[in-house]
file start.cif (mmCIF, C-alpha atoms)
data_query
loop_
_atom_site.label_atom_id
_atom_site.label_comp_id
_atom_site.auth_asym_id
_atom_site.auth_seq_id
_atom_site.Cartn_x
_atom_site.Cartn_y
_atom_site.Cartn_z
CA MET C 1165 86.50 -67.95 90.56
CA ASN C 1166 87.22 -70.79 88.17
CA ALA C 1167 90.53 -69.99 86.48
CA GLN C 1168 90.32 -73.02 84.21
CA ALA C 1169 86.90 -71.94 82.89
CA ILE C 1170 88.18 -68.38 82.41
CA ARG C 1171 91.18 -69.75 80.50
CA GLU C 1172 88.83 -71.24 77.92
CA GLN C 1173 87.82 -67.71 76.89
CA PHE C 1174 91.34 -66.79 75.72
CA PRO C 1175 92.03 -68.19 72.23
CA ILE C 1176 95.79 -67.53 72.30
CA LEU C 1177 96.29 -69.85 75.26
CA HIS C 1178 95.13 -72.88 73.26
CA GLN C 1179 98.35 -73.54 71.41
CA GLU C 1180 101.59 -75.43 71.76
CA ILE C 1181 105.04 -73.82 71.99
CA ASN C 1182 107.95 -76.07 71.03
CA GLY C 1183 105.66 -79.09 71.29
CA HIS C 1184 104.32 -78.24 74.75
CA PRO C 1185 101.05 -76.61 75.84
CA LEU C 1186 101.66 -72.91 76.42
CA VAL C 1187 102.10 -71.71 80.00
CA TYR C 1188 102.03 -67.93 79.80
CA LEU C 1189 103.63 -66.24 82.84
CA ASP C 1190 104.56 -62.85 81.42
CA ASN C 1191 101.41 -60.99 82.38
CA ALA C 1192 103.20 -58.05 84.00
CA ALA C 1193 104.48 -57.22 80.51
CA THR C 1194 101.14 -57.71 78.79
CA SER C 1195 98.02 -59.79 79.30
CA HIS C 1196 96.06 -61.78 76.77
CA LYS C 1197 92.64 -60.84 75.41
CA PRO C 1198 89.40 -62.78 75.87
CA ARG C 1199 87.00 -63.38 73.00
CA VAL C 1200 84.61 -60.69 74.20
CA VAL C 1201 87.34 -58.07 73.75
CA LEU C 1202 88.40 -59.40 70.35
CA ASP C 1203 84.76 -59.51 69.28
CA ALA C 1204 84.10 -55.95 70.49
CA ILE C 1205 86.97 -54.59 68.41
CA LYS C 1206 85.86 -56.61 65.37
CA ARG C 1207 82.26 -55.43 65.81
CA TYR C 1208 83.39 -51.81 66.01
CA TYR C 1209 85.29 -52.02 62.72
CA GLU C 1210 82.53 -53.97 60.99
CA TRP C 1211 79.54 -52.03 62.33
CA GLU C 1212 80.46 -48.69 63.92
CA ASN C 1213 83.68 -47.51 62.26
CA SER C 1214 83.64 -43.75 61.92
CA ASN C 1215 85.34 -40.73 63.40
CA VAL C 1216 83.89 -39.49 66.68
CA HIS C 1217 82.32 -36.18 67.77
CA ARG C 1218 82.24 -34.77 64.24
CA GLY C 1219 79.62 -36.49 62.13
CA VAL C 1220 75.85 -36.37 62.59
CA HIS C 1221 75.33 -39.50 60.51
CA THR C 1222 74.44 -42.83 62.09
CA LEU C 1223 77.92 -44.38 62.04
CA GLY C 1224 79.40 -41.26 63.60
CA SER C 1225 76.83 -41.37 66.37
CA ARG C 1226 77.46 -45.06 67.01
CA ALA C 1227 81.23 -44.53 67.17
CA THR C 1228 80.88 -41.55 69.51
CA ASP C 1229 78.53 -43.46 71.80
CA ALA C 1230 80.93 -46.41 71.93
CA TYR C 1231 83.96 -44.20 72.59
CA GLU C 1232 82.35 -42.06 75.28
CA GLY C 1233 80.69 -45.14 76.74
CA ALA C 1234 84.15 -46.61 77.24
CA ARG C 1235 85.21 -43.45 79.08
CA GLU C 1236 82.28 -43.87 81.44
CA LYS C 1237 83.33 -47.46 82.10
CA VAL C 1238 86.89 -46.41 82.97
CA ALA C 1239 85.59 -43.71 85.32
CA LYS C 1240 83.32 -46.18 87.11
CA PHE C 1241 86.02 -48.87 87.23
CA ILE C 1242 88.44 -46.68 89.20
CA ASN C 1243 85.66 -44.68 90.90
CA ALA C 1244 86.49 -41.28 89.44
CA LYS C 1245 84.10 -38.58 90.58
CA ARG C 1246 83.44 -37.33 87.05
CA THR C 1247 83.73 -38.79 83.57
CA GLN C 1248 85.49 -35.58 82.48
CA GLU C 1249 88.41 -36.60 84.71
CA ILE C 1250 89.32 -39.49 82.36
CA ILE C 1251 91.70 -38.67 79.51
CA PHE C 1252 92.34 -41.42 76.97
CA THR C 1253 96.04 -41.92 76.19
CA ARG C 1254 98.27 -44.48 74.52
CA GLY C 1255 98.99 -45.99 77.94
CA THR C 1256 100.61 -45.35 81.30
CA THR C 1257 103.79 -43.92 79.79
CA THR C 1258 101.92 -41.25 77.84
CA ALA C 1259 99.70 -40.46 80.82
CA LEU C 1260 102.66 -39.88 83.14
CA ASN C 1261 104.41 -37.79 80.50
CA ILE C 1262 101.34 -35.57 80.18
CA VAL C 1263 101.51 -34.81 83.91
CA ALA C 1264 105.26 -34.19 83.78
CA SER C 1265 105.07 -32.06 80.63
CA SER C 1266 101.94 -30.04 81.40
CA TYR C 1267 101.40 -29.88 85.15
CA GLY C 1268 105.05 -30.07 86.24
CA PRO C 1269 106.42 -26.87 84.69
CA SER C 1270 103.46 -24.87 86.00
CA VAL C 1271 104.30 -25.57 89.65
CA LEU C 1272 108.04 -26.21 89.80
CA ASN C 1273 110.75 -23.64 90.36
CA GLU C 1274 114.45 -24.07 90.97
CA GLY C 1275 115.01 -25.86 94.29
CA ASP C 1276 111.53 -27.38 94.46
CA GLU C 1277 111.37 -31.14 94.96
CA ILE C 1278 110.02 -34.16 93.07
CA VAL C 1279 109.87 -37.30 95.23
CA ILE C 1280 109.81 -40.85 93.83
CA THR C 1281 111.23 -44.27 94.82
CA PRO C 1282 114.09 -46.43 93.45
CA MET C 1283 111.57 -49.16 92.49
CA GLU C 1284 109.92 -47.08 89.76
CA HIS C 1285 109.53 -48.30 86.19
CA HIS C 1286 111.47 -46.10 83.80
CA SER C 1287 108.14 -44.63 82.67
CA ASN C 1288 107.73 -43.14 86.13
CA LEU C 1289 111.34 -42.09 86.52
CA ILE C 1290 112.71 -40.61 83.29
CA PRO C 1291 109.89 -38.01 82.86
CA TRP C 1292 110.70 -36.67 86.34
CA GLN C 1293 114.44 -36.70 85.62
CA GLN C 1294 113.86 -34.62 82.52
CA LEU C 1295 111.44 -32.29 84.31
CA ALA C 1296 113.98 -31.71 87.08
CA LYS C 1297 116.63 -30.84 84.50
CA ARG C 1298 114.33 -28.37 82.73
CA THR C 1299 113.12 -26.63 85.87
CA GLY C 1300 116.06 -26.85 88.24
CA ALA C 1301 113.99 -28.95 90.64
CA VAL C 1302 115.58 -31.55 92.89
CA LEU C 1303 114.75 -35.24 92.37
CA LYS C 1304 114.62 -37.11 95.70
CA TYR C 1305 114.14 -40.79 96.49
CA ILE C 1306 112.32 -42.47 99.35
CA PRO C 1307 114.71 -45.22 100.52
CA LEU C 1308 113.69 -48.88 100.35
CA GLN C 1309 113.65 -51.28 103.26
CA PRO C 1310 115.71 -54.50 102.94
CA ASP C 1311 112.66 -56.41 101.65
CA GLY C 1312 111.81 -53.73 99.07
CA ASN C 1313 108.96 -52.05 100.95
CA ILE C 1314 108.91 -48.39 101.90
CA ASP C 1315 108.54 -47.16 105.48
CA LEU C 1316 106.13 -44.29 106.16
CA ALA C 1317 108.69 -42.80 108.56
CA ASP C 1318 111.06 -42.46 105.58
CA VAL C 1319 108.24 -40.93 103.54
CA GLU C 1320 107.73 -38.32 106.27
CA LYS C 1321 111.45 -37.49 106.24
CA THR C 1322 111.76 -37.30 102.43
CA ILE C 1323 108.69 -35.20 101.64
CA THR C 1324 109.09 -31.60 102.78
CA SER C 1325 107.40 -28.24 102.37
CA ASN C 1326 109.53 -27.82 99.23
CA THR C 1327 108.05 -30.95 97.63
CA LYS C 1328 105.61 -30.19 94.82
CA ILE C 1329 105.16 -33.63 93.22
CA VAL C 1330 105.22 -37.14 94.68
CA SER C 1331 104.99 -40.01 92.17
CA MET C 1332 104.94 -43.70 92.95
CA ALA C 1333 103.88 -47.06 91.55
CA TYR C 1334 100.91 -48.53 93.36
CA VAL C 1335 102.47 -51.95 92.65
CA SER C 1336 106.08 -52.69 91.71
CA ASN C 1337 106.49 -54.62 88.48
CA VAL C 1338 109.57 -56.36 89.90
CA LEU C 1339 109.03 -56.80 93.62
CA GLY C 1340 105.25 -57.15 93.66
CA VAL C 1341 105.20 -54.61 96.49
CA ILE C 1342 101.86 -52.88 97.13
CA ASN C 1343 102.73 -49.35 98.20
CA PRO C 1344 100.64 -47.48 100.83
CA ILE C 1345 99.39 -44.89 98.36
CA LYS C 1346 96.60 -43.52 100.53
CA GLU C 1347 98.96 -42.81 103.41
CA VAL C 1348 101.64 -41.34 101.14
CA ALA C 1349 99.03 -39.11 99.48
CA GLU C 1350 98.01 -37.75 102.90
CA ILE C 1351 101.63 -36.89 103.69
CA ALA C 1352 102.08 -35.30 100.26
CA HIS C 1353 98.95 -33.17 100.63
CA ARG C 1354 99.90 -32.11 104.14
CA ASN C 1355 103.09 -30.67 102.64
CA GLY C 1356 101.33 -29.01 99.70
CA ALA C 1357 102.35 -31.58 97.05
CA VAL C 1358 100.25 -33.55 94.57
CA MET C 1359 100.20 -37.35 94.44
CA VAL C 1360 100.78 -39.08 91.08
CA VAL C 1361 100.21 -42.84 90.86
CA ASP C 1362 101.56 -45.29 88.28
CA GLY C 1363 98.69 -47.76 88.17
CA ALA C 1364 99.97 -50.00 85.37
CA GLN C 1365 100.45 -53.01 87.65
CA SER C 1366 97.65 -52.35 90.14
CA THR C 1367 94.62 -51.69 87.93
CA PRO C 1368 94.52 -55.21 86.36
CA HIS C 1369 94.87 -57.05 89.65
CA MET C 1370 92.98 -55.27 92.44
CA LYS C 1371 90.07 -52.96 93.07
CA VAL C 1372 91.11 -49.32 92.62
CA ASP C 1373 89.28 -46.35 94.12
CA VAL C 1374 90.98 -43.09 93.23
CA GLN C 1375 88.69 -41.10 95.50
CA ASP C 1376 89.53 -43.26 98.49
CA LEU C 1377 93.24 -43.08 97.66
CA ASP C 1378 92.83 -39.31 97.24
CA CYS C 1379 95.50 -39.32 94.53
CA ASP C 1380 95.62 -36.32 92.22
CA PHE C 1381 96.63 -38.22 89.09
CA TYR C 1382 96.42 -41.92 88.25
CA ALA C 1383 97.74 -43.60 85.07
CA LEU C 1384 96.76 -46.99 83.63
CA SER C 1385 97.31 -49.18 80.57
CA GLY C 1386 94.66 -51.27 78.81
CA HIS C 1387 96.92 -54.02 77.49
CA LYS C 1388 97.82 -55.25 80.98
CA MET C 1389 94.14 -55.70 81.92
CA CYS C 1390 92.83 -57.84 79.04
CA GLY C 1391 92.42 -54.84 76.72
CA PRO C 1392 94.20 -53.98 73.46
CA THR C 1393 97.61 -52.38 73.16
CA GLY C 1394 97.94 -48.66 72.47
CA ILE C 1395 95.17 -47.52 74.82
CA GLY C 1396 95.27 -46.28 78.40
CA ALA C 1397 93.98 -43.47 80.52
CA LEU C 1398 95.00 -40.63 82.76
CA TYR C 1399 92.76 -39.77 85.69
CA GLY C 1400 93.20 -36.30 87.12
CA LYS C 1401 91.20 -34.25 89.57
CA LYS C 1402 89.07 -31.84 87.58
CA ALA C 1403 90.52 -28.62 89.00
CA LEU C 1404 94.07 -29.75 88.21
CA LEU C 1405 93.25 -30.86 84.67
CA GLU C 1406 91.44 -27.59 84.01
CA SER C 1407 94.52 -25.65 85.10
CA MET C 1408 96.79 -27.56 82.71
CA GLU C 1409 97.66 -26.77 79.10
CA PRO C 1410 97.34 -29.44 76.39
CA VAL C 1411 100.55 -31.11 75.21
CA GLU C 1412 99.28 -31.99 71.72
CA PHE C 1413 97.64 -29.49 69.42
CA GLY C 1414 95.53 -29.90 66.29
CA GLY C 1415 92.07 -31.08 65.41
CA GLU C 1416 89.42 -32.26 67.84
CA MET C 1417 90.87 -30.55 70.94
CA ILE C 1418 90.02 -27.00 69.85
CA ASP C 1419 87.07 -24.74 70.58
CA ASP C 1420 87.87 -21.84 68.24
CA VAL C 1421 90.82 -21.24 65.92
CA GLY C 1422 91.84 -17.86 64.59
CA LEU C 1423 94.82 -16.89 62.51
CA TYR C 1424 96.92 -16.04 65.56
CA GLU C 1425 95.07 -17.39 68.61
CA SER C 1426 93.10 -20.51 69.50
CA THR C 1427 91.06 -21.73 72.43
CA TRP C 1428 90.60 -25.25 73.72
CA LYS C 1429 87.64 -27.50 74.28
CA GLU C 1430 86.54 -28.32 77.81
CA LEU C 1431 87.62 -31.48 79.61
CA PRO C 1432 88.38 -34.16 78.68
CA TRP C 1433 88.69 -33.38 75.00
CA LYS C 1434 91.30 -30.62 75.21
CA PHE C 1435 93.89 -33.36 75.89
CA GLU C 1436 92.78 -35.63 73.03
CA GLY C 1437 94.03 -33.97 69.87
CA GLY C 1438 93.48 -35.67 66.52
CA THR C 1439 91.53 -38.80 65.79
CA PRO C 1440 91.49 -40.70 69.07
CA ILE C 1441 92.17 -44.40 69.69
CA ILE C 1442 88.53 -45.32 69.15
CA ALA C 1443 88.79 -49.07 68.64
CA GLY C 1444 91.24 -49.28 71.52
CA ALA C 1445 88.81 -47.51 73.82
CA VAL C 1446 86.02 -49.85 72.73
CA GLY C 1447 88.25 -52.84 73.48
CA LEU C 1448 89.22 -51.40 76.86
CA GLY C 1449 85.57 -50.92 77.70
CA ALA C 1450 84.87 -54.55 76.86
CA ALA C 1451 87.82 -55.64 79.00
CA ILE C 1452 86.46 -53.66 81.94
CA ASP C 1453 83.08 -55.34 81.52
CA PHE C 1454 84.83 -58.72 81.49
CA LEU C 1455 86.87 -58.02 84.64
CA THR C 1456 83.91 -56.48 86.44
CA GLU C 1457 81.76 -59.52 85.79
CA ILE C 1458 84.40 -61.78 87.34
CA GLY C 1459 85.03 -59.36 90.21
CA MET C 1460 88.27 -57.59 91.09
CA ASP C 1461 88.26 -58.87 94.66
CA GLU C 1462 87.99 -62.44 93.36
CA ILE C 1463 90.85 -61.83 90.91
CA ALA C 1464 93.05 -60.37 93.66
CA GLN C 1465 92.33 -63.30 95.96
CA HIS C 1466 93.09 -65.84 93.23
CA GLU C 1467 96.39 -64.17 92.31
CA SER C 1468 97.45 -63.79 95.93
CA LYS C 1469 97.00 -67.52 96.54
CA LEU C 1470 98.77 -68.34 93.29
CA SER C 1471 101.77 -66.08 93.98
CA HIS C 1472 102.21 -67.45 97.48
CA TYR C 1473 102.03 -70.99 96.12
CA ALA C 1474 104.59 -70.08 93.44
CA MET C 1475 106.91 -68.37 95.91
CA SER C 1476 106.76 -71.38 98.21
CA ARG C 1477 107.43 -73.88 95.40
CA ILE C 1478 110.21 -71.87 93.76
CA SER C 1479 111.93 -71.21 97.10
CA GLU C 1480 112.24 -74.97 97.60
CA ILE C 1481 114.67 -75.20 94.67
CA ASP C 1482 118.31 -75.04 95.78
CA GLY C 1483 120.23 -72.18 94.23
CA ILE C 1484 117.21 -69.93 93.63
CA GLN C 1485 117.26 -66.37 94.97
CA VAL C 1486 113.78 -64.82 95.29
CA TYR C 1487 113.43 -61.03 95.55
CA GLY C 1488 110.82 -58.92 97.27
CA PRO C 1489 108.56 -59.27 100.30
CA LYS C 1490 106.47 -62.34 100.98
CA LYS C 1491 103.55 -60.38 102.45
CA ARG C 1492 101.39 -57.64 100.88
CA HIS C 1493 102.36 -58.95 97.50
CA VAL C 1494 100.75 -58.98 94.04
CA GLY C 1495 100.89 -61.96 91.68
CA LEU C 1496 104.47 -62.20 90.50
CA VAL C 1497 107.71 -63.83 91.60
CA THR C 1498 111.09 -62.37 90.64
CA PHE C 1499 114.10 -64.62 91.02
CA ASN C 1500 117.54 -65.69 89.82
CA LEU C 1501 119.09 -69.12 89.45
CA ASP C 1502 122.65 -69.19 90.75
CA GLY C 1503 125.26 -69.20 88.00
CA VAL C 1504 122.74 -68.96 85.15
CA HIS C 1505 121.91 -65.75 83.30
CA PRO C 1506 118.17 -64.91 83.40
CA HIS C 1507 118.05 -64.83 79.60
CA ASP C 1508 119.36 -68.40 79.52
CA VAL C 1509 116.77 -69.42 82.09
CA ALA C 1510 113.99 -67.88 80.00
CA THR C 1511 115.28 -69.51 76.82
CA VAL C 1512 115.37 -72.99 78.33
CA LEU C 1513 111.94 -72.51 79.90
CA ASP C 1514 110.56 -71.44 76.52
CA ALA C 1515 111.77 -74.77 75.10
CA SER C 1516 109.32 -76.35 77.56
CA GLY C 1517 106.51 -74.00 76.54
CA VAL C 1518 106.81 -71.79 79.63
CA ALA C 1519 106.92 -68.05 78.90
CA ILE C 1520 108.53 -65.77 81.51
CA ARG C 1521 110.30 -62.40 81.33
CA ALA C 1522 114.05 -61.90 81.75
CA GLY C 1523 116.00 -58.65 81.93
CA HIS C 1524 116.00 -55.45 83.95
CA HIS C 1525 112.23 -54.98 83.49
CA CYS C 1526 112.70 -51.26 82.77
CA CYS C 1527 113.89 -50.85 86.38
CA GLN C 1528 117.67 -50.44 86.16
CA PRO C 1529 118.01 -48.40 89.39
CA LEU C 1530 116.14 -51.13 91.23
CA MET C 1531 118.40 -53.79 89.70
CA ARG C 1532 121.40 -51.89 91.06
CA TRP C 1533 119.73 -51.71 94.48
CA LEU C 1534 119.25 -55.50 94.30
CA GLU C 1535 122.91 -55.76 93.20
CA VAL C 1536 122.07 -57.72 90.07
CA GLY C 1537 122.19 -56.92 86.38
CA SER C 1538 118.88 -58.59 85.59
CA THR C 1539 116.35 -61.08 86.91
CA ALA C 1540 113.81 -63.62 85.78
CA ARG C 1541 110.15 -62.89 86.50
CA ALA C 1542 107.05 -65.08 86.45
CA SER C 1543 103.86 -63.02 86.63
CA PHE C 1544 100.35 -64.40 86.97
CA TYR C 1545 96.85 -63.40 85.98
CA LEU C 1546 93.27 -64.57 86.31
CA TYR C 1547 93.68 -67.41 83.79
CA ASN C 1548 96.74 -68.98 85.45
CA THR C 1549 96.48 -72.05 87.67
CA GLU C 1550 98.55 -74.03 90.17
CA GLN C 1551 99.25 -76.45 87.32
CA ASP C 1552 100.98 -73.58 85.50
CA VAL C 1553 103.15 -73.03 88.57
CA ASP C 1554 103.96 -76.74 88.72
CA ARG C 1555 105.03 -76.63 85.05
CA LEU C 1556 107.23 -73.61 85.84
CA VAL C 1557 108.87 -75.36 88.79
CA SER C 1558 109.44 -78.54 86.79
CA ALA C 1559 111.04 -76.53 83.97
CA LEU C 1560 113.24 -74.64 86.45
CA ILE C 1561 114.48 -77.90 87.94
CA GLN C 1562 115.30 -79.15 84.43
CA THR C 1563 117.06 -75.86 83.70
CA LYS C 1564 119.14 -76.19 86.87
CA GLU C 1565 120.07 -79.75 85.97
CA TYR C 1566 120.91 -78.78 82.40
CA PHE C 1567 123.29 -76.01 83.36
CA GLY C 1568 124.66 -78.05 86.24
CA ASP C 1569 125.56 -80.82 83.80
CA ALA C 1570 126.97 -78.29 81.33
CA THR C 1571 129.43 -77.01 83.93
#
call {"tool": "encode", "arguments": {"input": "start.cif", "output": "structure tokens"}}
result
Amino acid sequence: MNAQAIREQFPILHQEINGHPLVYLDNAATSHKPRVVLDAIKRYYEWENSNVHRGVHTLGSRATDAYEGAREKVAKFINAKRTQEIIFTRGTTTALNIVASSYGPSVLNEGDEIVITPMEHHSNLIPWQQLAKRTGAVLKYIPLQPDGNIDLADVEKTITSNTKIVSMAYVSNVLGVINPIKEVAEIAHRNGAVMVVDGAQSTPHMKVDVQDLDCDFYALSGHKMCGPTGIGALYGKKALLESMEPVEFGGEMIDDVGLYESTWKELPWKFEGGTPIIAGAVGLGAAIDFLTEIGMDEIAQHESKLSHYAMSRISEIDGIQVYGPKKRHVGLVTFNLDGVHPHDVATVLDASGVAIRAGHHCCQPLMRWLEVGSTARASFYLYNTEQDVDRLVSALIQTKEYFGDAT
């Protein structure tokens, strides 16, 4: 793939920051949007804008076709068995909360176990904390190896016959670790538990096949994969979703409403109360078309080469501590510069037009495991190049010299 040609399709990247061409390396937080996505959203509002499923007029039909067409694209993109297994949400956080709020209480009793890892984003940790408190379940953690990976032997020891839910990020947003979801799911199922996957960092960067993984639930966000903010999806196996109660009630998700009792629509609509995120779904569908045309395998290969190049270049700088494994790694590098707070690093880099993330990355337990308060993180996507990495390294060297002179 030609990253430079792809870059031309992203209007926001053609600007200067503080007098320098923008180098955007904060893609794990959110990605930028190509013209085809921006145009799809604009076209929807100018040509198709209407509420879905309700009107028989032409605009209503167009909007419904666009919305449900986007659902079909999501299902195909992650290889769901049925379109009905795709629930549109506001993003990964909402999707995981639906599982914790609806499925969790139906299967958990006091003493039952929820198993996660210390590397989880807060979105895949706090819902399980709260569920454990409400149900009396026990929250357990699979320990991390020194490089941040998990060992399947530890998974076998942690998951027991009392475990009802196992939840894990496919890819860590800090370490870049790719977790062995398929193998963990097999262990979970063997012990009678379901497998929940946080796919926020995996779906934009690699081919995902939920049937091959045999996960029971999978959550994703559109804004990290060239789509708009405020849209995501929850995949769930049909039998599980059918057994679950909705978590939002109102219009659109009902079948029949009486004065004292109501019944719900069939999947997927019973989980989509109110006017849905129609334009967001249309934009997500366009983003999926864009990524599919390029090819997820090509994107993964490009990012792997870029992250290894970045890790090699950054590691050459004296006083830089790089975190996470060097193998089986997705396109990001997390690091600290000795004696300089990550926020100061990010501020000085921004003066050179280089945008990175600094902080705890919504992973405070992982920061404590790393024995740091926060880190800097450069994360790459399909429009980044080796020249972007070179700009990052040059800016880091200048930052080191600046703070070295200041002390």
call {"tool": "resolve_selection", "arguments": {"input": "start.cif", "expression": "the PyMOL selection byres ((chain C and resi 1548) around 8)", "output": "PDB file with C-alpha atoms, in the coordinates of the input"}}
result
ATOM      1  CA  ALA C1167      90.530 -69.990  86.480  1.00  0.00           C
ATOM      2  CA  GLN C1168      90.320 -73.020  84.210  1.00  0.00           C
ATOM      3  CA  ARG C1171      91.180 -69.750  80.500  1.00  0.00           C
ATOM      4  CA  TYR C1188     102.030 -67.930  79.800  1.00  0.00           C
ATOM      5  CA  LEU C1189     103.630 -66.240  82.840  1.00  0.00           C
ATOM      6  CA  PHE C1544     100.350 -64.400  86.970  1.00  0.00           C
ATOM      7  CA  TYR C1545      96.850 -63.400  85.980  1.00  0.00           C
ATOM      8  CA  LEU C1546      93.270 -64.570  86.310  1.00  0.00           C
ATOM      9  CA  TYR C1547      93.680 -67.410  83.790  1.00  0.00           C
ATOM     10  CA  THR C1549      96.480 -72.050  87.670  1.00  0.00           C
ATOM     11  CA  GLU C1550      98.550 -74.030  90.170  1.00  0.00           C
ATOM     12  CA  ASP C1552     100.980 -73.580  85.500  1.00  0.00           C
TER      13      ASP C1552
END
call {"tool": "closest_residue", "arguments": {"input": "start.cif", "among": "C:Ile1323, C:Met1370, C:Ala1464, C:Ala1227", "to": "C:His1353", "atoms": "all atoms listed in the file"}}
result
C:Ile1323
call {"tool": "axis_aligned_box", "arguments": {"input": "start.cif", "around": "stretch 1477-1487 of chain C", "padding_each_side": "8 Å", "output": "JSON"}}
result
{"center_x": 113.8, "center_y": -68.1, "center_z": 95.6, "size_x": 28.8, "size_y": 30.2, "size_z": 20.0}
call {"tool": "residues_around", "arguments": {"input": "start.cif", "residues": "C:Tyr1382", "least_positions_apart": "3", "cutoff": "9 Å", "atoms": "all atoms listed in the file", "output": "list in words"}}
result
Thr1256, Ala1259, Leu1260, Met1359, Val1360, Val1361, Asp1362, Gly1363, Val1374, Cys1379, Ala1397, Leu1398, Tyr1399 and Gly1400 of chain C
call {"tool": "resolve_selection", "arguments": {"input": "start.cif", "expression": "the PyMOL selection byres ((chain C and resi 1332) around 9)", "output": "number ranges by chain"}}
result
C: 1279-1281, 1283-1284, 1288, 1330-1331, 1333-1335, 1343, 1345, 1359-1363
call {"tool": "atom_distance", "arguments": {"input": "start.cif", "atom1": "atom CA of C:Ala1451", "atom2": "atom CA of C:Leu1377"}}
result
23.1 Å
call {"tool": "resolve_selection", "arguments": {"input": "start.cif", "expression": "the PyMOL selection byres ((chain C and resi 1486-1497) around 10)", "output": "ChimeraX atom specification"}}
result
/C:1189-1192,1309-1313,1335-1343,1365-1366,1369-1370,1464-1472,1474-1476,1478-1479,1483-1485,1498-1501,1534,1539-1546
call {"tool": "residues_around", "arguments": {"input": "start.cif", "residues": "stretch 1403-1410 of chain C", "least_positions_apart": "5", "cutoff": "9 Å", "atoms": "all atoms listed in the file", "output": "JSON, numbers by chain"}}
result
{"C": [1249, 1262, 1263, 1266, 1267, 1270, 1380, 1381, 1417, 1428, 1430, 1431, 1432, 1434, 1435, 1436, 1437]}
call {"tool": "atom_distance", "arguments": {"input": "start.cif", "atom1": "atom CA of C:His1286", "atom2": "atom CA of C:Ala1239"}}
result
26.0 Å
call {"tool": "closest_residue", "arguments": {"input": "start.cif", "among": "C:Pro1368, C:Gly1255, C:Gly1183, C:Pro1282", "to": "C:Ala1383", "atoms": "all atoms listed in the file"}}
result
C:Gly1255
call {"tool": "residues_near_point", "arguments": {"input": "start.cif", "point": "(101.1, -30.7, 100.9)", "cutoff": "9 Å", "atoms": "all atoms listed in the file", "output": "ChimeraX atom specification"}}
result
/C:1323-1325,1327-1328,1349-1358
call {"tool": "write_last_selection", "arguments": {"input": "start.cif", "atoms": "C-alpha atoms", "output": "PDB file, in the coordinates of the input"}}
result
ATOM      1  CA  ILE C1323     108.690 -35.200 101.640  1.00  0.00           C
ATOM      2  CA  THR C1324     109.090 -31.600 102.780  1.00  0.00           C
ATOM      3  CA  SER C1325     107.400 -28.240 102.370  1.00  0.00           C
ATOM      4  CA  THR C1327     108.050 -30.950  97.630  1.00  0.00           C
ATOM      5  CA  LYS C1328     105.610 -30.190  94.820  1.00  0.00           C
ATOM      6  CA  ALA C1349      99.030 -39.110  99.480  1.00  0.00           C
ATOM      7  CA  GLU C1350      98.010 -37.750 102.900  1.00  0.00           C
ATOM      8  CA  ILE C1351     101.630 -36.890 103.690  1.00  0.00           C
ATOM      9  CA  ALA C1352     102.080 -35.300 100.260  1.00  0.00           C
ATOM     10  CA  HIS C1353      98.950 -33.170 100.630  1.00  0.00           C
ATOM     11  CA  ARG C1354      99.900 -32.110 104.140  1.00  0.00           C
ATOM     12  CA  ASN C1355     103.090 -30.670 102.640  1.00  0.00           C
ATOM     13  CA  GLY C1356     101.330 -29.010  99.700  1.00  0.00           C
ATOM     14  CA  ALA C1357     102.350 -31.580  97.050  1.00  0.00           C
ATOM     15  CA  VAL C1358     100.250 -33.550  94.570  1.00  0.00           C
TER      16      VAL C1358
END
call {"tool": "residues_around", "arguments": {"input": "start.cif", "residues": "stretch 1441-1448 of chain C", "least_positions_apart": "6", "cutoff": "7 Å", "atoms": "only C-alpha atoms", "output": "PDB file with C-alpha atoms, keeping the file's coordinate frame"}}
result
ATOM      1  CA  VAL C1201      87.340 -58.070  73.750  1.00  0.00           C
ATOM      2  CA  ALA C1204      84.100 -55.950  70.490  1.00  0.00           C
ATOM      3  CA  ILE C1205      86.970 -54.590  68.410  1.00  0.00           C
ATOM      4  CA  TYR C1208      83.390 -51.810  66.010  1.00  0.00           C
ATOM      5  CA  ALA C1230      80.930 -46.410  71.930  1.00  0.00           C
ATOM      6  CA  TYR C1231      83.960 -44.200  72.590  1.00  0.00           C
ATOM      7  CA  ALA C1234      84.150 -46.610  77.240  1.00  0.00           C
ATOM      8  CA  GLY C1386      94.660 -51.270  78.810  1.00  0.00           C
ATOM      9  CA  GLY C1391      92.420 -54.840  76.720  1.00  0.00           C
ATOM     10  CA  PRO C1392      94.200 -53.980  73.460  1.00  0.00           C
ATOM     11  CA  GLY C1394      97.940 -48.660  72.470  1.00  0.00           C
ATOM     12  CA  ILE C1395      95.170 -47.520  74.820  1.00  0.00           C
TER      13      ILE C1395
END
call {"tool": "atom_distance", "arguments": {"input": "start.cif", "atom1": "atom CA of C:Ala1364", "atom2": "atom CA of C:Thr1194"}}
result
10.2 Å
call {"tool": "residues_around", "arguments": {"input": "start.cif", "residues": "C:Gln1293", "least_positions_apart": "3", "cutoff": "12 Å", "atoms": "only C-alpha atoms", "output": "list in words"}}
result
Asn1261, Ala1264, Ser1265, Gly1268, Glu1277, Ile1278, Val1279, Ile1280, His1286, Ser1287, Asn1288, Leu1289, Ile1290, Ala1296, Lys1297, Arg1298, Thr1299, Gly1300, Ala1301, Val1302, Leu1303, Lys1304, Tyr1305 and Ser1331 of chain C
call {"tool": "closest_residue", "arguments": {"input": "start.cif", "among": "C:Val1509, C:Arg1218, C:Leu1272, C:Thr1253", "to": "C:Val1411", "atoms": "all atoms listed in the file"}}
result
C:Thr1253
call {"tool": "decode", "arguments": {"input": "start.cif", "residues": "stretch 1393-1397 of chain C", "atoms": "C-alpha atoms", "output": "mmCIF file, in the first residue's frame"}}
result
data_model
loop_
_atom_site.group_PDB
_atom_site.id
_atom_site.type_symbol
_atom_site.label_atom_id
_atom_site.label_comp_id
_atom_site.auth_asym_id
_atom_site.auth_seq_id
_atom_site.Cartn_x
_atom_site.Cartn_y
_atom_site.Cartn_z
ATOM 1 C CA THR C 1393 -17.237 9.767 16.624
ATOM 2 C CA GLY C 1394 -20.268 8.603 18.584
ATOM 3 C CA ILE C 1395 -20.818 5.349 16.678
ATOM 4 C CA GLY C 1396 -19.706 1.804 17.396
ATOM 5 C CA ALA C 1397 -21.087 -1.682 17.556
#
